[in-house]
$ cat protein_17.pdb   # PDB, C-alpha atoms, pLDDT in the B column
ATOM      1  CA  MET A   1       3.977   7.515 -19.397  1.00 81.00           C
ATOM      2  CA  LEU A   2       0.389   8.115 -18.385  1.00 90.00           C
ATOM      3  CA  GLU A   3      -0.201  11.510 -16.804  1.00 93.00           C
ATOM      4  CA  MET A   4      -2.244  12.101 -13.662  1.00 97.00           C
ATOM      5  CA  THR A   5      -2.185  14.830 -11.053  1.00 97.00           C
ATOM      6  CA  ARG A   6      -0.851  14.039  -7.639  1.00 98.00           C
ATOM      7  CA  ASP A   7      -4.202  15.070  -6.143  1.00 98.00           C
ATOM      8  CA  ARG A   8      -6.032  12.528  -8.309  1.00 98.00           C
ATOM      9  CA  PHE A   9      -3.544   9.793  -7.472  1.00 98.00           C
ATOM     10  CA  GLU A  10      -3.938  10.543  -3.757  1.00 98.00           C
ATOM     11  CA  GLU A  11      -7.727  10.340  -4.198  1.00 98.00           C
ATOM     12  CA  LEU A  12      -7.320   6.864  -5.712  1.00 98.00           C
ATOM     13  CA  VAL A  13      -5.243   5.764  -2.729  1.00 98.00           C
ATOM     14  CA  SER A  14      -7.864   7.163  -0.368  1.00 98.00           C
ATOM     15  CA  GLU A  15     -10.654   5.429  -2.296  1.00 98.00           C
ATOM     16  CA  ALA A  16      -8.749   2.136  -2.168  1.00 98.00           C
ATOM     17  CA  LEU A  17      -8.346   2.490   1.600  1.00 97.00           C
ATOM     18  CA  ASP A  18     -12.083   3.176   1.879  1.00 97.00           C
ATOM     19  CA  GLN A  19     -12.759  -0.180   0.187  1.00 95.00           C
ATOM     20  CA  ILE A  20     -11.075  -2.114   2.993  1.00 94.00           C
ATOM     21  CA  PRO A  21     -13.801  -3.683   5.134  1.00 93.00           C
ATOM     22  CA  PRO A  22     -14.520  -1.788   8.377  1.00 94.00           C
ATOM     23  CA  GLU A  23     -13.867  -4.883  10.480  1.00 93.00           C
ATOM     24  CA  LEU A  24     -10.271  -4.787   9.210  1.00 93.00           C
ATOM     25  CA  THR A  25      -9.716  -1.038   9.405  1.00 93.00           C
ATOM     26  CA  ARG A  26     -10.898  -1.116  13.025  1.00 93.00           C
ATOM     27  CA  VAL A  27      -7.985  -3.377  13.974  1.00 93.00           C
ATOM     28  CA  MET A  28      -5.329  -1.582  11.923  1.00 94.00           C
ATOM     29  CA  ASP A  29      -3.020  -0.040  14.484  1.00 92.00           C
ATOM     30  CA  ASN A  30      -0.223   2.501  14.355  1.00 95.00           C
ATOM     31  CA  VAL A  31       0.130   2.633  10.577  1.00 97.00           C
ATOM     32  CA  ALA A  32       0.273   5.605   8.219  1.00 97.00           C
ATOM     33  CA  VAL A  33      -0.173   5.618   4.441  1.00 98.00           C
ATOM     34  CA  PHE A  34       1.790   7.972   2.192  1.00 98.00           C
ATOM     35  CA  VAL A  35       1.915   8.703  -1.507  1.00 98.00           C
ATOM     36  CA  GLU A  36       5.496   9.095  -2.696  1.00 98.00           C
ATOM     37  CA  ASP A  37       6.750  10.081  -6.135  1.00 98.00           C
ATOM     38  CA  GLU A  38       9.400   7.371  -6.520  1.00 98.00           C
ATOM     39  CA  PRO A  39      10.839   4.431  -4.593  1.00 98.00           C
ATOM     40  CA  SER A  40      14.537   4.164  -3.827  1.00 96.00           C
ATOM     41  CA  ALA A  41      16.921   3.694  -6.743  1.00 96.00           C
ATOM     42  CA  ASP A  42      17.495   0.122  -5.497  1.00 95.00           C
ATOM     43  CA  ASP A  43      14.033  -0.918  -6.692  1.00 96.00           C
ATOM     44  CA  PRO A  44      12.753   1.682  -9.193  1.00 96.00           C
ATOM     45  CA  GLU A  45       9.746  -0.405 -10.315  1.00 96.00           C
ATOM     46  CA  LEU A  46       8.334  -0.890  -6.815  1.00 97.00           C
ATOM     47  CA  LEU A  47       4.668   0.122  -6.663  1.00 98.00           C
ATOM     48  CA  GLY A  48       4.266   0.010  -2.883  1.00 98.00           C
ATOM     49  CA  LEU A  49       6.180  -0.754   0.300  1.00 98.00           C
ATOM     50  CA  TYR A  50       5.242  -1.705   3.843  1.00 98.00           C
ATOM     51  CA  GLU A  51       7.784  -0.843   6.528  1.00 97.00           C
ATOM     52  CA  GLY A  52       7.117  -1.776  10.112  1.00 96.00           C
ATOM     53  CA  THR A  53       6.178  -4.565  12.469  1.00 96.00           C
ATOM     54  CA  PRO A  54       3.157  -6.604  11.338  1.00 96.00           C
ATOM     55  CA  LEU A  55       0.332  -6.993  13.828  1.00 94.00           C
ATOM     56  CA  THR A  56       1.081 -10.718  14.033  1.00 93.00           C
ATOM     57  CA  GLU A  57       4.603 -10.033  15.323  1.00 92.00           C
ATOM     58  CA  ARG A  58       3.818  -7.405  17.930  1.00 93.00           C
ATOM     59  CA  GLY A  59       4.112  -8.311  21.565  1.00 90.00           C
ATOM     60  CA  GLU A  60       4.343  -6.749  24.990  1.00 88.00           C
ATOM     61  CA  TRP A  61       7.461  -4.895  23.865  1.00 90.00           C
ATOM     62  CA  TYR A  62       5.527  -2.983  21.199  1.00 89.00           C
ATOM     63  CA  ALA A  63       4.909   0.450  22.706  1.00 88.00           C
ATOM     64  CA  GLY A  64       6.027   3.960  21.963  1.00 89.00           C
ATOM     65  CA  VAL A  65       7.258   3.162  18.457  1.00 91.00           C
ATOM     66  CA  LEU A  66       6.837   5.236  15.333  1.00 93.00           C
ATOM     67  CA  PRO A  67       3.930   4.212  13.111  1.00 95.00           C
ATOM     68  CA  ASP A  68       4.386   1.568  10.463  1.00 96.00           C
ATOM     69  CA  ARG A  69       4.637   3.141   7.040  1.00 98.00           C
ATOM     70  CA  ILE A  70       2.890   2.185   3.821  1.00 98.00           C
ATOM     71  CA  SER A  71       4.211   4.003   0.762  1.00 98.00           C
ATOM     72  CA  ILE A  72       2.383   3.956  -2.561  1.00 98.00           C
ATOM     73  CA  TYR A  73       4.605   5.094  -5.426  1.00 98.00           C
ATOM     74  CA  MET A  74       3.041   7.256  -8.099  1.00 98.00           C
ATOM     75  CA  GLY A  75       5.832   7.241 -10.710  1.00 98.00           C
ATOM     76  CA  PRO A  76       6.193   3.478 -11.209  1.00 98.00           C
ATOM     77  CA  THR A  77       2.422   3.006 -11.106  1.00 98.00           C
ATOM     78  CA  LEU A  78       1.864   5.539 -13.880  1.00 98.00           C
ATOM     79  CA  ARG A  79       4.692   4.019 -15.938  1.00 97.00           C
ATOM     80  CA  TYR A  80       3.284   0.507 -15.455  1.00 97.00           C
ATOM     81  CA  CYS A  81      -0.297   1.340 -16.428  1.00 97.00           C
ATOM     82  CA  GLY A  82      -1.544   2.298 -19.871  1.00 95.00           C
ATOM     83  CA  THR A  83      -4.933   3.767 -18.957  1.00 97.00           C
ATOM     84  CA  ALA A  84      -6.561   5.619 -16.088  1.00 96.00           C
ATOM     85  CA  GLU A  85      -8.719   2.537 -15.438  1.00 97.00           C
ATOM     86  CA  GLU A  86      -5.594   0.427 -15.062  1.00 98.00           C
ATOM     87  CA  VAL A  87      -4.235   2.955 -12.541  1.00 98.00           C
ATOM     88  CA  VAL A  88      -7.431   2.691 -10.480  1.00 98.00           C
ATOM     89  CA  HIS A  89      -7.122  -1.098 -10.453  1.00 97.00           C
ATOM     90  CA  GLU A  90      -3.382  -1.165  -9.746  1.00 97.00           C
ATOM     91  CA  VAL A  91      -3.641   1.348  -6.907  1.00 98.00           C
ATOM     92  CA  ALA A  92      -6.377  -0.760  -5.301  1.00 97.00           C
ATOM     93  CA  VAL A  93      -4.296  -3.941  -5.638  1.00 96.00           C
ATOM     94  CA  THR A  94      -1.183  -2.225  -4.281  1.00 97.00           C
ATOM     95  CA  VAL A  95      -2.999  -0.722  -1.299  1.00 97.00           C
ATOM     96  CA  VAL A  96      -4.586  -4.069  -0.388  1.00 96.00           C
ATOM     97  CA  HIS A  97      -1.224  -5.799  -0.840  1.00 96.00           C
ATOM     98  CA  GLU A  98       0.606  -3.413   1.502  1.00 97.00           C
ATOM     99  CA  VAL A  99      -2.186  -3.357   4.099  1.00 97.00           C
ATOM    100  CA  ALA A 100      -2.114  -7.155   4.049  1.00 96.00           C
ATOM    101  CA  HIS A 101       1.569  -6.986   5.029  1.00 96.00           C
ATOM    102  CA  HIS A 102       0.469  -4.922   8.060  1.00 96.00           C
ATOM    103  CA  PHE A 103      -1.683  -7.932   8.992  1.00 95.00           C
ATOM    104  CA  GLY A 104       1.281 -10.281   8.560  1.00 95.00           C
ATOM    105  CA  ILE A 105       0.348 -11.805   5.208  1.00 94.00           C
ATOM    106  CA  GLU A 106       3.430 -12.664   3.153  1.00 92.00           C
ATOM    107  CA  ASP A 107       4.009 -12.084  -0.577  1.00 89.00           C
ATOM    108  CA  ALA A 108       3.642 -15.752  -1.550  1.00 91.00           C
ATOM    109  CA  ARG A 109       0.172 -15.956  -0.005  1.00 93.00           C
ATOM    110  CA  LEU A 110      -0.877 -12.636  -1.547  1.00 91.00           C
ATOM    111  CA  HIS A 111       0.148 -13.906  -4.980  1.00 86.00           C
ATOM    112  CA  GLU A 112      -1.905 -17.074  -4.408  1.00 89.00           C
ATOM    113  CA  LEU A 113      -4.911 -14.904  -3.549  1.00 86.00           C
ATOM    114  CA  GLY A 114      -4.470 -12.704  -6.621  1.00 81.00           C
ATOM    115  CA  TRP A 115      -3.161  -9.657  -4.770  1.00 82.00           C
ATOM    116  CA  GLY A 116       0.441 -10.034  -5.949  1.00 75.00           C
TER
END
$ encode --input "protein_17.pdb" --output "structure tokens"
Amino acid sequence: MLEMTRDRFEELVSEALDQIPPELTRVMDNVAVFVEDEPSADDPELLGLYEGTPLTERGEWYAGVLPDRISIYMGPTLRYCGTAEEVVHEVAVTVVHEVAHHFGIEDARLHELGWG
């Protein structure tokens, strides 16, 4: 398994978030991004997870709720990648993929667009 400090991995997540165009980050609402060591045992190879209500599904009822949560998993990412450059790329893809879920874009469409 490739080794990387948690601080460096968190920097990569932050850098990936910084690459999202400002016109999109301005409309992101009530979402928090976390770096986690490992996903649940149910899906140990999961690189990222979006949990919440996509912007496209929110209505008048959406108020006073906890923030949506995007988790980026360090362990599976480091096991999946063979080089530091691959980690940089995979973190960027995973962050975009999970943020896209916040905007209501489904997995099938993300795979078509190359963000699978």
$ resolve_selection --input "protein_17.pdb" --expression "the PyMOL selection byres ((chain A and resi 3-15) around 10)" --output "ChimeraX atom specification"
/A:1-2,16-20,33-37,72-75,77-79,82-84,87-92,94-95
$ atom_distance --input "protein_17.pdb" --atom1 "CA of Leu66 (chain A)" --atom2 "CA of His111 (chain A)"
28.7 Å
$ residues_around --input "protein_17.pdb" --residues "His102 (chain A)" --least-positions-apart "6" --cutoff "12 Å" --atoms "only C-alpha atoms" --output "tab-separated table (two decimals) with C-alpha atoms, in the coordinates of the input"
chain	number	residue	atom	x	y	z
A	24	LEU	CA	-10.27	-4.79	9.21
A	25	THR	CA	-9.72	-1.04	9.40
A	27	VAL	CA	-7.98	-3.38	13.97
A	28	MET	CA	-5.33	-1.58	11.92
A	29	ASP	CA	-3.02	-0.04	14.48
A	30	ASN	CA	-0.22	2.50	14.36
A	31	VAL	CA	0.13	2.63	10.58
A	32	ALA	CA	0.27	5.60	8.22
A	33	VAL	CA	-0.17	5.62	4.44
A	49	LEU	CA	6.18	-0.75	0.30
A	50	TYR	CA	5.24	-1.70	3.84
A	51	GLU	CA	7.78	-0.84	6.53
A	52	GLY	CA	7.12	-1.78	10.11
A	53	THR	CA	6.18	-4.57	12.47
A	54	PRO	CA	3.16	-6.60	11.34
A	55	LEU	CA	0.33	-6.99	13.83
A	56	THR	CA	1.08	-10.72	14.03
A	57	GLU	CA	4.60	-10.03	15.32
A	58	ARG	CA	3.82	-7.40	17.93
A	67	PRO	CA	3.93	4.21	13.11
A	68	ASP	CA	4.39	1.57	10.46
A	69	ARG	CA	4.64	3.14	7.04
A	70	ILE	CA	2.89	2.18	3.82
A	95	VAL	CA	-3.00	-0.72	-1.30
A	96	VAL	CA	-4.59	-4.07	-0.39
$ atom_distance --input "protein_17.pdb" --atom1 "CA of Pro21 (chain A)" --atom2 "CA of Val99 (chain A)"
11.7 Å
$ atom_distance --input "protein_17.pdb" --atom1 "CA of Gly116 (chain A)" --atom2 "CA of Glu45 (chain A)"
14.1 Å
$ closest_residue --input "protein_17.pdb" --among "A:Arg26, A:Pro76, A:Asp107, A:Val65" --to "Pro44 (chain A)" --atoms "all atoms listed in the file"
A:Pro76
$ axis_aligned_box --input "protein_17.pdb" --around "region 65-78 of chain A" --padding-each-side "4 Å" --output "lines of an AutoDock Vina configuration file"
center_x = 4.6
center_y = 4.4
center_z = 2.3
size_x = 13.4
size_y = 13.7
size_z = 40.3
$ closest_residue --input "protein_17.pdb" --among "A:Leu110, A:Ser71, A:Glu60, A:Glu23" --to "Glu38 (chain A)" --atoms "all atoms listed in the file"
A:Ser71
$ closest_residue --input "protein_17.pdb" --among "A:Leu47, A:Ala108, A:Ala63, A:Ser40" --to "Cys81 (chain A)" --atoms "only C-alpha atoms"
A:Leu47
